Structure formats: C-alpha cells, structure tokens
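Here's entry.pdb, which has PDB, C-alpha atoms:
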ATOM      1  CA  MET J   1     -18.855  21.202  -3.757
ATOM      2  CA  PHE J   2     -16.673  18.990  -5.924
ATOM      3  CA  HIS J   3     -18.160  16.191  -7.933
ATOM      4  CA  GLY J   4     -16.100  13.883 -10.119
ATOM      5  CA  LYS J   5     -16.497  14.237 -13.877
ATOM      6  CA  ASN J   6     -18.548  11.039 -13.993
ATOM      7  CA  PRO J   7     -20.428   9.090 -11.347
ATOM      8  CA  LEU J   8     -18.276   6.291  -9.994
ATOM      9  CA  LYS J   9     -19.661   2.948 -11.110
ATOM     10  CA  PRO J  10     -18.170  -0.355  -9.964
ATOM     11  CA  THR J  11     -15.836  -1.920 -12.471
ATOM     12  CA  THR J  12     -16.184  -5.529 -13.493
ATOM     13  CA  CYS J  13     -14.443  -7.764 -10.959
ATOM     14  CA  CYS J  14     -13.726 -11.464 -11.226
ATOM     15  CA  SER J  15     -14.612 -12.121  -7.570
ATOM     16  CA  PHE J  16     -16.917  -9.796  -5.697
ATOM     17  CA  SER J  17     -17.146  -9.531  -1.922
ATOM     18  CA  SER J  18     -19.882  -7.954   0.145
ATOM     19  CA  VAL J  19     -18.307  -5.369   2.440
ATOM     20  CA  ALA J  20     -19.708  -3.347   5.339
ATOM     21  CA  VAL J  21     -17.788  -0.220   6.340
ATOM     22  CA  VAL J  22     -18.331   0.590  10.009
ATOM     23  CA  GLY J  23     -16.924   4.049  10.640
ATOM     24  CA  SER J  24     -17.382   5.964   7.403
ATOM     25  CA  GLY J  25     -15.187   8.941   8.225
ATOM     26  CA  ALA J  26     -12.097  10.099   6.379
ATOM     27  CA  VAL J  27     -10.422   6.679   6.418
ATOM     28  CA  GLY J  28     -13.421   4.371   6.128
ATOM     29  CA  SER J  29     -15.037   6.391   3.347
ATOM     30  CA  TYR J  30     -11.814   6.483   1.330
ATOM     31  CA  TYR J  31     -10.992   2.780   1.491
ATOM     32  CA  GLY J  32     -14.648   1.798   1.130
ATOM     33  CA  ALA J  33     -14.950   3.937  -1.998
ATOM     34  CA  ARG J  34     -11.832   2.309  -3.463
ATOM     35  CA  LEU J  35     -13.389  -1.117  -2.903
ATOM     36  CA  HIS J  36     -16.638   0.070  -4.509
ATOM     37  CA  GLU J  37     -14.643   1.445  -7.424
ATOM     38  CA  ALA J  38     -13.063  -2.001  -7.925
ATOM     39  CA  GLY J  39     -16.433  -3.722  -8.082
ATOM     40  CA  HIS J  40     -17.115  -4.927  -4.561
ATOM     41  CA  ASN J  41     -20.582  -4.664  -3.029
ATOM     42  CA  VAL J  42     -19.887  -2.003  -0.393
ATOM     43  CA  LYS J  43     -22.372  -0.823   2.208
ATOM     44  CA  PHE J  44     -21.549   2.180   4.383
ATOM     45  CA  PHE J  45     -22.808   2.582   7.928
ATOM     46  CA  MET J  46     -23.233   6.335   8.550
ATOM     47  CA  ARG J  47     -24.983   8.464  11.100
ATOM     48  CA  ASN J  48     -26.186  12.012  11.697
ATOM     49  CA  GLU J  49     -25.339  14.746   9.184
ATOM     50  CA  HIS J  50     -22.934  12.511   7.226
ATOM     51  CA  TYR J  51     -25.752  10.061   6.517
ATOM     52  CA  ALA J  52     -28.309  12.803   5.792
ATOM     53  CA  HIS J  53     -25.984  14.455   3.279
ATOM     54  CA  CYS J  54     -24.898  11.274   1.501
ATOM     55  CA  VAL J  55     -28.436   9.917   1.090
ATOM     56  CA  VAL J  56     -29.311  12.997  -0.931
ATOM     57  CA  ASN J  57     -26.011  14.024  -2.506
ATOM     58  CA  GLY J  58     -23.813  10.925  -2.594
ATOM     59  CA  LEU J  59     -20.251  10.481  -1.364
ATOM     60  CA  ASN J  60     -17.442  12.664  -2.679
ATOM     61  CA  ILE J  61     -13.735  11.802  -2.420
ATOM     62  CA  SER J  62     -11.188  14.334  -3.665
ATOM     63  CA  SER J  63      -8.002  12.284  -4.005
ATOM     64  CA  VAL J  64      -4.456  12.631  -5.271
ATOM     65  CA  ASP J  65      -4.875   9.101  -6.635
ATOM     66  CA  GLY J  66      -8.027   9.894  -8.586
ATOM     67  CA  ASP J  67     -11.263  11.550  -7.485
ATOM     68  CA  MET J  68     -14.287   9.410  -6.733
ATOM     69  CA  TYR J  69     -17.962  10.315  -6.631
ATOM     70  CA  ILE J  70     -20.597   7.749  -5.734
ATOM     71  CA  PRO J  71     -24.024   9.246  -6.520
ATOM     72  CA  PRO J  72     -26.970   8.483  -4.251
ATOM     73  CA  SER J  73     -28.402   6.107  -6.854
ATOM     74  CA  LEU J  74     -25.322   3.863  -6.474
ATOM     75  CA  LEU J  75     -24.308   4.587  -2.894
ATOM     76  CA  GLN J  76     -25.479   2.007  -0.358
ATOM     77  CA  VAL J  77     -25.667   3.972   2.873
ATOM     78  CA  HIS J  78     -27.372   2.753   6.035
ATOM     79  CA  PRO J  79     -28.255   4.584   9.283
ATOM     80  CA  ASP J  80     -28.171   1.324  11.280
ATOM     81  CA  VAL J  81     -26.187  -1.899  10.978
ATOM     82  CA  ASP J  82     -29.243  -4.170  11.190
ATOM     83  CA  SER J  83     -30.397  -3.019   7.747
ATOM     84  CA  ILE J  84     -27.029  -4.000   6.219
ATOM     85  CA  GLY J  85     -27.195  -7.668   7.168
ATOM     86  CA  PRO J  86     -24.428 -10.315   7.071
ATOM     87  CA  VAL J  87     -21.443  -9.670   4.784
ATOM     88  CA  ASP J  88     -18.192 -11.290   3.698
ATOM     89  CA  TRP J  89     -16.014  -8.507   5.096
ATOM     90  CA  VAL J  90     -16.461  -5.966   7.862
ATOM     91  CA  ILE J  91     -14.077  -3.022   7.724
ATOM     92  CA  ILE J  92     -13.901  -1.196  11.038
ATOM     93  CA  ALA J  93     -12.535   2.335  10.851
ATOM     94  CA  ILE J  94     -13.645   3.929  14.105
ATOM     95  CA  LYS J  95     -11.570   5.599  16.798
ATOM     96  CA  SER J  96      -9.993   3.254  19.334
ATOM     97  CA  SER J  97     -11.589   5.298  22.129
ATOM     98  CA  PHE J  98     -14.868   3.620  21.106
ATOM     99  CA  LEU J  99     -13.484   0.085  20.920
ATOM    100  CA  GLU J 100     -16.084  -1.310  23.321
ATOM    101  CA  ALA J 101     -18.853  -0.228  20.922
ATOM    102  CA  ILE J 102     -17.581  -2.577  18.200
ATOM    103  CA  PRO J 103     -19.145  -5.934  19.239
ATOM    104  CA  PRO J 104     -22.800  -4.780  19.096
ATOM    105  CA  LEU J 105     -22.081  -2.847  15.904
ATOM    106  CA  ILE J 106     -20.658  -5.772  13.961
ATOM    107  CA  GLU J 107     -22.733  -8.643  15.375
ATOM    108  CA  PRO J 108     -25.603  -8.154  12.863
ATOM    109  CA  LEU J 109     -23.022  -8.180  10.031
ATOM    110  CA  VAL J 110     -21.461 -11.532  10.907
ATOM    111  CA  LYS J 111     -22.056 -14.919   9.302
ATOM    112  CA  LYS J 112     -20.014 -18.096   9.569
ATOM    113  CA  ASP J 113     -17.368 -17.017   7.027
ATOM    114  CA  THR J 114     -17.159 -13.280   7.783
ATOM    115  CA  ARG J 115     -13.725 -11.668   8.036
ATOM    116  CA  VAL J 116     -12.997  -8.456   9.948
ATOM    117  CA  LEU J 117     -10.358  -5.851   9.092
ATOM    118  CA  ALA J 118      -9.800  -3.198  11.775
ATOM    119  CA  ILE J 119      -8.130  -0.169  10.156
ATOM    120  CA  MET J 120      -7.505   1.560  13.443
ATOM    121  CA  ASN J 121      -4.761   3.318  15.337
ATOM    122  CA  GLY J 122      -3.007   1.912  18.362
ATOM    123  CA  PHE J 123      -2.544  -1.451  20.025
ATOM    124  CA  ILE J 124      -6.165  -2.578  19.910
ATOM    125  CA  ASP J 125      -5.813  -6.072  18.489
ATOM    126  CA  ASP J 126      -5.640  -8.231  21.638
ATOM    127  CA  ASP J 127      -8.609  -6.448  23.205
ATOM    128  CA  LEU J 128     -10.633  -6.605  19.983
ATOM    129  CA  VAL J 129     -10.016 -10.331  19.507
ATOM    130  CA  GLU J 130     -11.123 -10.953  23.101
ATOM    131  CA  MET J 131     -14.257  -8.832  22.679
ATOM    132  CA  VAL J 132     -15.500 -10.718  19.607
ATOM    133  CA  LYS J 133     -14.287 -14.219  20.493
ATOM    134  CA  CYS J 134     -17.826 -15.577  20.712
ATOM    135  CA  MET J 135     -18.666 -14.546  17.134
ATOM    136  CA  PRO J 136     -18.249 -17.082  14.304
ATOM    137  CA  LEU J 137     -15.606 -15.059  12.492
ATOM    138  CA  THR J 138     -13.268 -16.719   9.997
ATOM    139  CA  ALA J 139     -10.418 -14.277  10.658
ATOM    140  CA  ILE J 140      -9.593 -10.917  12.231
ATOM    141  CA  TYR J 141      -6.985  -8.624  10.709
ATOM    142  CA  GLY J 142      -5.358  -5.409  11.861
ATOM    143  CA  GLY J 143      -4.825  -2.641   9.322
ATOM    144  CA  MET J 144      -2.355   0.244   9.361
ATOM    145  CA  ALA J 145      -3.267   3.108   7.032
ATOM    146  CA  PHE J 146      -0.495   5.468   5.992
ATOM    147  CA  ILE J 147      -2.724   8.187   4.613
ATOM    148  CA  CYS J 148      -3.379  11.901   4.903
ATOM    149  CA  SER J 149      -7.133  12.350   4.619
ATOM    150  CA  ASN J 150      -9.744  14.450   6.381
ATOM    151  CA  ARG J 151     -13.507  14.673   6.190
ATOM    152  CA  VAL J 152     -13.862  18.342   5.355
ATOM    153  CA  SER J 153     -17.667  18.363   5.536
ATOM    154  CA  PRO J 154     -20.518  15.847   5.555
ATOM    155  CA  GLY J 155     -20.182  13.622   2.501
ATOM    156  CA  ASN J 156     -16.873  15.158   1.433
ATOM    157  CA  VAL J 157     -13.441  13.631   2.068
ATOM    158  CA  ARG J 158     -10.130  15.164   0.978
ATOM    159  CA  HIS J 159      -7.219  12.758   0.459
ATOM    160  CA  THR J 160      -4.047  14.811   0.039
ATOM    161  CA  SER J 161      -1.166  12.338   0.159
ATOM    162  CA  TYR J 162      -0.041   8.736   0.631
ATOM    163  CA  GLY J 163      -2.756   6.092   0.992
ATOM    164  CA  SER J 164      -1.013   2.736   1.381
ATOM    165  CA  LEU J 165      -2.465   0.087   3.660
ATOM    166  CA  ASN J 166      -0.660  -2.686   5.531
ATOM    167  CA  GLY J 167      -2.502  -5.626   7.036
ATOM    168  CA  GLY J 168      -1.650  -8.497   9.333
ATOM    169  CA  LEU J 169      -3.488 -11.338  11.008
ATOM    170  CA  ALA J 170      -4.693 -10.686  14.556
ATOM    171  CA  SER J 171      -6.527 -13.941  15.181
ATOM    172  CA  HIS J 172      -4.785 -17.192  16.036
ATOM    173  CA  CYS J 173      -3.935 -19.765  13.351
ATOM    174  CA  SER J 174      -3.466 -23.458  14.028
ATOM    175  CA  SER J 175      -1.058 -23.930  11.107
ATOM    176  CA  ASN J 176       1.054 -22.019   8.616
ATOM    177  CA  ALA J 177      -1.202 -23.262   5.821
ATOM    178  CA  GLU J 178      -4.200 -21.668   7.557
ATOM    179  CA  ARG J 179      -2.289 -18.414   7.962
ATOM    180  CA  LEU J 180      -1.371 -18.364   4.273
ATOM    181  CA  GLN J 181      -4.992 -18.983   3.350
ATOM    182  CA  HIS J 182      -6.158 -16.036   5.439
ATOM    183  CA  MET J 183      -3.473 -13.723   4.033
ATOM    184  CA  SER J 184      -4.377 -14.771   0.494
ATOM    185  CA  ALA J 185      -7.998 -13.816   1.173
ATOM    186  CA  ILE J 186      -7.151 -10.255   2.176
ATOM    187  CA  ASP J 187      -4.670  -9.913  -0.695
ATOM    188  CA  ASP J 188      -7.507 -10.828  -3.072
ATOM    189  CA  LEU J 189      -9.820  -8.227  -1.535
ATOM    190  CA  TRP J 190      -7.476  -5.360  -2.402
ATOM    191  CA  ALA J 191      -5.871  -6.824  -5.527
ATOM    192  CA  THR J 192      -8.002  -4.969  -8.078
ATOM    193  CA  THR J 193      -8.176  -1.657  -6.205
ATOM    194  CA  LYS J 194      -5.964   1.409  -6.536
ATOM    195  CA  VAL J 195      -4.853   0.948  -2.932
ATOM    196  CA  LYS J 196      -1.236  -0.094  -2.443
ATOM    197  CA  TYR J 197      -1.918  -2.952  -0.060
ATOM    198  CA  THR J 198       0.805  -5.042   1.619
ATOM    199  CA  SER J 199       0.301  -8.093   3.795
ATOM    200  CA  ILE J 200       2.763  -8.222   6.663
ATOM    201  CA  PRO J 201       3.797 -11.415   8.503
ATOM    202  CA  SER J 202       3.917  -9.723  11.932
ATOM    203  CA  LEU J 203       1.019  -7.506  12.957
ATOM    204  CA  ALA J 204       2.905  -6.504  16.119
ATOM    205  CA  ARG J 205       5.769  -5.155  14.022
ATOM    206  CA  GLY J 206       3.326  -3.300  11.799
ATOM    207  CA  ARG J 207       1.644  -1.692  14.791
ATOM    208  CA  TRP J 208       5.011  -0.617  16.187
ATOM    209  CA  GLU J 209       6.083   0.920  12.890
ATOM    210  CA  LYS J 210       2.888   2.980  12.712
ATOM    211  CA  SER J 211       3.325   3.798  16.394
ATOM    212  CA  CYS J 212       6.679   5.427  15.647
ATOM    213  CA  TYR J 213       4.810   8.135  13.763
ATOM    214  CA  ASN J 214       1.923   8.364  16.212
ATOM    215  CA  LEU J 215       4.109   8.645  19.314
ATOM    216  CA  SER J 216       6.444  11.232  17.850
ATOM    217  CA  PHE J 217       4.688  13.503  15.370
ATOM    218  CA  SER J 218       1.070  13.015  16.457
ATOM    219  CA  GLY J 219       2.136  13.139  20.103
ATOM    220  CA  ILE J 220       4.079  16.378  19.755
ATOM    221  CA  SER J 221       1.281  17.890  17.676
ATOM    222  CA  VAL J 222      -1.202  17.290  20.506
ATOM    223  CA  ALA J 223       1.185  18.245  23.314
ATOM    224  CA  MET J 224       1.872  21.553  21.544
ATOM    225  CA  GLY J 225      -1.838  22.385  21.575
ATOM    226  CA  GLY J 226      -2.715  21.174  18.091
ATOM    227  CA  ILE J 227      -0.002  22.269  15.673
ATOM    228  CA  SER J 228       0.267  20.752  12.195
ATOM    229  CA  VAL J 229       3.093  18.396  11.232
ATOM    230  CA  ASP J 230       4.870  20.931   9.018
ATOM    231  CA  LYS J 231       5.436  23.154  12.068
ATOM    232  CA  ILE J 232       7.165  20.293  13.893
ATOM    233  CA  VAL J 233       9.350  19.629  10.864
ATOM    234  CA  ALA J 234      10.280  23.324  10.581
ATOM    235  CA  ASP J 235      11.270  23.845  14.232
ATOM    236  CA  GLU J 236      14.801  22.812  15.230
ATOM    237  CA  GLY J 237      13.936  22.008  18.832
ATOM    238  CA  LEU J 238      10.849  19.986  17.953
ATOM    239  CA  ARG J 239      12.839  18.071  15.345
ATOM    240  CA  VAL J 240      15.314  17.025  18.022
ATOM    241  CA  MET J 241      12.452  16.019  20.306
ATOM    242  CA  ALA J 242      10.721  14.002  17.567
ATOM    243  CA  ASP J 243      13.955  12.230  16.728
ATOM    244  CA  LYS J 244      14.563  11.233  20.347
ATOM    245  CA  ILE J 245      10.993   9.989  20.764
ATOM    246  CA  LEU J 246      11.461   7.924  17.607
ATOM    247  CA  ASP J 247      14.534   6.362  19.240
ATOM    248  CA  GLU J 248      12.542   5.570  22.381
ATOM    249  CA  ALA J 249       9.663   4.097  20.349
ATOM    250  CA  ILE J 250      12.051   1.884  18.392
ATOM    251  CA  ALA J 251      13.692   0.697  21.614
ATOM    252  CA  ILE J 252      10.305  -0.365  23.038
ATOM    253  CA  ALA J 253       9.310  -1.971  19.747
ATOM    254  CA  ASN J 254      12.422  -4.113  19.500
ATOM    255  CA  ALA J 255      12.222  -5.215  23.128
ATOM    256  CA  ASP J 256       8.589  -6.191  22.577
ATOM    257  CA  LEU J 257       9.396  -8.067  19.348
ATOM    258  CA  LEU J 258      12.197  -9.888  21.182
ATOM    259  CA  SER J 259       9.749 -10.925  23.904
ATOM    260  CA  ARG J 260       7.444 -12.334  21.210
ATOM    261  CA  GLY J 261      10.231 -14.427  19.724
ATOM    262  CA  GLU J 262      10.440 -12.414  16.502
ATOM    263  CA  ASP J 263      13.542 -12.783  14.383
ATOM    264  CA  LYS J 264      16.070  -9.950  14.691
ATOM    265  CA  SER J 265      15.636  -9.244  10.988
ATOM    266  CA  THR J 266      12.197  -7.827  11.847
ATOM    267  CA  TYR J 267      13.513  -5.264  14.323
ATOM    268  CA  LEU J 268      12.998  -1.577  13.641
ATOM    269  CA  GLY J 269      15.939   0.743  13.056
ATOM    270  CA  GLU J 270      17.315   3.569  10.941
ATOM    271  CA  ALA J 271      15.242   2.591   7.905
ATOM    272  CA  GLU J 272      12.023   3.149   9.840
ATOM    273  CA  LYS J 273      13.284   6.456  11.274
ATOM    274  CA  THR J 274      14.167   7.632   7.783
ATOM    275  CA  LYS J 275      10.718   6.612   6.550
ATOM    276  CA  MET J 276       8.940   8.527   9.336
ATOM    277  CA  TRP J 277      10.952  11.637   8.586
ATOM    278  CA  TYR J 278      10.320  11.329   4.854
ATOM    279  CA  LEU J 279       6.575  10.952   5.370
ATOM    280  CA  SER J 280       6.410  13.875   7.805
ATOM    281  CA  GLU J 281       8.567  16.211   5.724
ATOM    282  CA  ASN J 282       6.387  15.664   2.676
ATOM    283  CA  MET J 283       2.834  15.732   4.050
ATOM    284  CA  GLY J 284       2.616  19.521   4.414
ATOM    285  CA  ALA J 285       0.276  21.270   6.852
ATOM    286  CA  PHE J 286      -1.471  18.084   7.919
ATOM    287  CA  ASN J 287      -3.262  17.642  11.232
ATOM    288  CA  PRO J 288      -3.248  14.049  12.546
ATOM    289  CA  SER J 289      -6.630  12.637  13.581
ATOM    290  CA  THR J 290      -5.751  12.949  17.276
ATOM    291  CA  THR J 291      -4.986  16.635  16.754
ATOM    292  CA  LEU J 292      -8.312  17.154  14.997
ATOM    293  CA  ASP J 293     -10.048  15.556  17.972
ATOM    294  CA  LEU J 294      -8.206  17.896  20.333
ATOM    295  CA  LEU J 295      -9.137  20.968  18.311
ATOM    296  CA  ALA J 296     -12.769  19.830  18.100
ATOM    297  CA  GLY J 297     -12.963  19.049  21.816
ATOM    298  CA  LYS J 298     -13.581  15.350  21.163
ATOM    299  CA  THR J 299     -12.253  12.351  23.080
ATOM    300  CA  MET J 300      -8.725  11.525  21.906
ATOM    301  CA  GLU J 301      -7.362   8.021  21.355
ATOM    302  CA  VAL J 302      -5.029   8.288  24.329
ATOM    303  CA  LYS J 303      -5.225   4.776  25.779
ATOM    304  CA  TYR J 304      -4.339   2.696  22.735
ATOM    305  CA  ILE J 305      -2.073   5.147  20.894
ATOM    306  CA  PHE J 306      -0.074   6.615  23.794
ATOM    307  CA  ARG J 307      -0.650   4.913  27.140
ATOM    308  CA  LYS J 308      -0.310   1.273  26.020
ATOM    309  CA  PRO J 309       3.158   1.718  24.435
ATOM    310  CA  LEU J 310       4.363   3.542  27.557
ATOM    311  CA  ASP J 311       3.010   0.814  29.831
ATOM    312  CA  ARG J 312       4.710  -1.795  27.671
ATOM    313  CA  ALA J 313       8.002   0.096  28.007
ATOM    314  CA  LYS J 314       7.708  -0.057  31.783
ATOM    315  CA  GLU J 315       6.938  -3.790  31.693
ATOM    316  CA  LEU J 316      10.044  -4.374  29.580
ATOM    317  CA  GLY J 317      12.285  -2.077  31.639
ATOM    318  CA  ILE J 318      12.884   0.398  28.782
ATOM    319  CA  ASP J 319      13.704   3.947  29.878
ATOM    320  CA  THR J 320      11.600   6.460  27.927
ATOM    321  CA  PRO J 321      11.775   9.834  29.718
ATOM    322  CA  LEU J 322      10.586  11.974  26.794
ATOM    323  CA  LEU J 323       7.718   9.668  25.896
ATOM    324  CA  GLU J 324       6.594   9.466  29.510
ATOM    325  CA  THR J 325       6.534  13.261  29.805
ATOM    326  CA  LEU J 326       4.635  13.517  26.517
ATOM    327  CA  VAL J 327       2.000  10.973  27.521
ATOM    328  CA  ILE J 328       1.472  12.570  30.942
ATOM    329  CA  GLN J 329       0.975  15.936  29.243
ATOM    330  CA  ILE J 330      -1.498  14.518  26.711
ATOM    331  CA  GLU J 331      -3.485  12.713  29.419
ATOM    332  CA  ALA J 332      -3.574  15.858  31.537
ATOM    333  CA  THR J 333      -4.808  17.878  28.564
ATOM    334  CA  GLN J 334      -7.629  15.423  27.973
ATOM    335  CA  ASN J 335      -8.601  15.352  31.646
ATOM    336  CA  MET J 336      -8.524  19.125  32.092
ATOM    337  CA  LYS J 337     -10.654  19.650  28.994
ATOM    338  CA  ASN J 338     -13.086  16.914  30.124
ATOM    339  CA  MET J 339     -12.739  15.227  26.743
TER     340      MET J 339
END

This entry written out as structure tokens:
Amino acid sequence: MFHGKNPLKPTTCCSFSSVAVVGSGAVGSYYGARLHEAGHNVKFFMRNEHYAHCVVNGLNISSVDGDMYIPPSLLQVHPDVDSIGPVDWVIIAIKSSFLEAIPPLIEPLVKKDTRVLAIMNGFIDDDLVEMVKCMPLTAIYGGMAFICSNRVSPGNVRHTSYGSLNGGLASHCSSNAERLQHMSAIDDLWATTKVKYTSIPSLARGRWEKSCYNLSFSGISVAMGGISVDKIVADEGLRVMADKILDEAIAIANADLLSRGEDKSTYLGEAEKTKMWYLSENMGAFNPSTTLDLLAGKTMEVKYIFRKPLDRAKELGIDTPLLETLVIQIEATQNMKNM
C-alpha cells in the first residue's frame, strides 16, 4: 500500500468552504482530496468496504500531479449523509445510472446558500435540475472531468494522467450579473487547488465536447467487449471507426447548439477532434469507467452517455448510422447480461 511521505494537512486558505463529496470513487475522491489539500473543509460520503478501509487507514491518492494521503485523524468520512449536515458545496460524482438517487442523498446537505456541482458523465443536467427544483439551492453546475483515474482498491485511487475540470452553470439565471456571480463563486472554490479548472459559458457545449470522447472511444471500448483505449488507437480499422463517430458526434453537437441559439464561434470542429485524438493517444492502457462497469458486471451509464445523444440526433434529423449501430449494440449487451 502506498502512503505519501507526509500526511496531507490542509493548507492555509483565505476563504474556506464546507464541501460534501457524494460519490467518493475514483473521481470524487481525487477532486475532494485536492479541495482538502487546498484548505477546504471536505467531508466524504462513503459506503461499504471503501468506508471501512478509510476509517481505519485513511484515503490514499497516487497522482501524477502529486500524491496525497489523508490519514484517518484528518479524514472526515461519513457512512450516511445525515451525519454530514448542511454545507456550502455539494460535489456529486456518482454514475448517471443512479441519477434518481441524488435528491434524497443531497437533501440533508442543503441550506439556503448551498451550491451543487455535478461532476458526472452524460446529458444529465436538465433532469437533475428538475429533480431538485424544490430545494433552496443557490446554483447548480455541471462538471466535465478530463481525467484518467481508477479506484484500484478500497481507499486507494490511482490518477495516471490529465485531471482538468470544466464547469458550467446548469440552473437558470435571471441576469448576466447573476450568472457572473455564480461563475465567480465556482472559480474561487478551485482557485487555490492544483486542479486546472476552467469555467465555460455554455454547459451544453461542454457536455458535447466531453461526449465526443465518450461516444467514440468509450463506446467502441464497450462494444468491443471491454478493450482499453490504447488498443483502439493501435488498430487501423477501429481508428477509422472512431474518427467517423467523432464526425457524427460533432454534427449532432453543432445542430443542437444551433437550436439553442449559440453563436457559430462555439461550434465544435477539427480542433475538438484533434484534442480527442491527442488525449486518447497519450492515455495508454486506460479503461473508461463504462468499460470498467462492463467488466465488473455493473449497470452501465447507457441512457445519459449513449442513448440521449442518439435520440437528440433523431430529433434534429442528423444521420448517424455508426453511432446508432454502436448504441444498439451497447444496449443489447447490457440487456443480455442483465446489468
């Protein structure tokens, strides 16, 4: 077991926030630990063997951006959300297949000025906002994590590459001044951390950019029975397939952005394709989270990652033959395996 050279103690921060991390897996544990490292008052909601291990041994993050170890004497870990109580920020990092579980999980954490950041895959934002509309939340944000991290065992997370985080506002604003205020708040949260955080003006665009990777590389990985990204990159035929799915994803994205009245300068194109290829060619033998779910026999995030973009393509009249075949295959795999 790896432990950092010294226990990770919060650094002095000019403005602390209380933060509850709901979904302390590979993503939630990493970003929560970075916030703890920067001085924020972070409380982790954990269950089962992950909780049992961390209560005794602490939380271990092996990271290319600097290892972190929070010993049990400093780690605030809770087996239920009621014991956490109301906080300034709730960070949700659970699988979108459990979206309906979010309202009862976060309700005990909410006070009149609580903000929520959902670092989740897929097009979950509209449904999430509707689900929590009766809560007195100040703002709801969507987060897109570009990170290669896995929980290798209870209490141990391995972060091998990347790690940036983009965030955009999901909840409605009555004025531009209100929007700027909300974006300033989330900028401040991450300002003193090691996380490369970027606020984006259009959450829809951010979701589509992340979707380009999920639909192509994660999709092919699952459809091929659970192969790692490096195998897609190394195979000529799969490279062609990934490239064509990227084209289809970009076509849907731009039609959707047009329907939302977004400026053409926000449309996706060759720059985003180049970025997806660069990320994939340099992440090595990485298994996306959906692939790990497949290999473990767990429910995959099919609805919000794969089905929703395909349904949107049909609504917009965009022809996506490869994506449609891919999604049908992934859905059939999940159904046949009773996942």

Between J:Arg260, J:His36, J:Lys314, J:Lys244, which residue has the minimum interatomic distance to Ile70 of chain J, considering only C-alpha atoms?
J:His36

Residues selected by the PyMOL selection byres ((chain J and resi 120) around 9), written as a PDB file with C-alpha atoms, in the coordinates of the input:
ATOM      1  CA  ILE J  92     -13.901  -1.196  11.038  1.00  0.00           C
ATOM      2  CA  ALA J  93     -12.535   2.335  10.851  1.00  0.00           C
ATOM      3  CA  ILE J  94     -13.645   3.929  14.105  1.00  0.00           C
ATOM      4  CA  LYS J  95     -11.570   5.599  16.798  1.00  0.00           C
ATOM      5  CA  SER J  96      -9.993   3.254  19.334  1.00  0.00           C
ATOM      6  CA  ALA J 118      -9.800  -3.198  11.775  1.00  0.00           C
ATOM      7  CA  ILE J 119      -8.130  -0.169  10.156  1.00  0.00           C
ATOM      8  CA  ASN J 121      -4.761   3.318  15.337  1.00  0.00           C
ATOM      9  CA  GLY J 122      -3.007   1.912  18.362  1.00  0.00           C
ATOM     10  CA  PHE J 123      -2.544  -1.451  20.025  1.00  0.00           C
ATOM     11  CA  ILE J 124      -6.165  -2.578  19.910  1.00  0.00           C
ATOM     12  CA  GLY J 142      -5.358  -5.409  11.861  1.00  0.00           C
ATOM     13  CA  GLY J 143      -4.825  -2.641   9.322  1.00  0.00           C
ATOM     14  CA  MET J 144      -2.355   0.244   9.361  1.00  0.00           C
ATOM     15  CA  ALA J 145      -3.267   3.108   7.032  1.00  0.00           C
TER      16      ALA J 145
END

I need the residue set behind the PyMOL selection byres ((chain J and resi 202) around 12) for this file; please write it as an MDAnalysis selection string.
chainID J and resid 141:143 166:171 179 183 198:201 203:209 257 260:263 265:267

Of the candidates J:Leu35, J:Leu258, J:Val42, J:Ile102, which one gets nearest to Leu74 of chain J if we count only C-alpha atoms?
J:Val42

Closest of J:Asn254, J:Thr291, J:Ser24, J:Ser17 to Asp88 of chain J, counting only C-alpha atoms, is J:Ser17

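Using only C-alpha atoms, the smallest distance between any of J:Ala332, J:Glu270, J:Ser97, J:Leu109 and Thr290 of chain J comes from J:Ser97.
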
Expand the PyMOL selection byres ((chain J and resi 146-149) around 12) into the explicit residue set it covers here, and present it as a PyMOL selection string.
chain J and resi 25-31+61-65+119-121+143-145+150-152+156-167+195-198+206-207+209-211+213-214+229+275-276+279-280+282-289+292

So, with only C-alpha atoms as the atoms that count, which of J:Thr138, J:Ile305, J:Ala223, J:Ala271 lies closest to Leu238 of chain J?
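Residue with the minimum atom-to-atom distance to Leu238 of chain J: J:Ala223.
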
Among the residues J:Ala177, J:Ile245, J:Arg47, J:Ala139, the one that comes closest to Pro309 of chain J [using all atoms listed in the file]
J:Ile245

By how many Å are atom CA of Gln329 of chain J and atom CA of Val222 of chain J apart?
9.1 Å

Report, in Å to a single decimal, how far apart atom CA of Phe306 of chain J and atom CA of Ala251 of chain J are.
15.1 Å

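In this structure, atom CA of Met46 of chain J sits 7.7 Å away from atom CA of Val22 of chain J.
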
Shell around Glu100 of chain J at 10 Å using all atoms listed in the file, local window under 3 positions removed, as a PyMOL selection string
chain J and resi 96-97+103-105+127-128+131

Take the residues just selected and output them with C-alpha atoms as a PDB file, in the frame of the given file.
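And here's result33.pdb as it stands now:
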ATOM      1  CA  SER J  96      -9.993   3.254  19.334  1.00  0.00           C
ATOM      2  CA  SER J  97     -11.589   5.298  22.129  1.00  0.00           C
ATOM      3  CA  PRO J 103     -19.145  -5.934  19.239  1.00  0.00           C
ATOM      4  CA  PRO J 104     -22.800  -4.780  19.096  1.00  0.00           C
ATOM      5  CA  LEU J 105     -22.081  -2.847  15.904  1.00  0.00           C
ATOM      6  CA  ASP J 127      -8.609  -6.448  23.205  1.00  0.00           C
ATOM      7  CA  LEU J 128     -10.633  -6.605  19.983  1.00  0.00           C
ATOM      8  CA  MET J 131     -14.257  -8.832  22.679  1.00  0.00           C
TER       9      MET J 131
END

Non-local contacts of Leu246 of chain J (7 Å; all atoms listed in the file; under 5 positions in same chain excluded) as a PyMOL selection string
chain J and resi 212+216+273

With a distance cut-off of 12 Å and all atoms listed in the file, select the neighbouring residues of Asp80 of chain J, excluding the residue or stretch itself and same-chain residues fewer than 3 positions from it, and output the selection as a list in words.
Ala20, Val21, Val22, Gly23, Lys43, Phe44, Phe45, Met46, Arg47, Asn48, Tyr51, Gln76, Val77, Ser83, Ile84, Gly85, Pro104, Leu105, Ile106, Pro108 and Leu109 of chain J
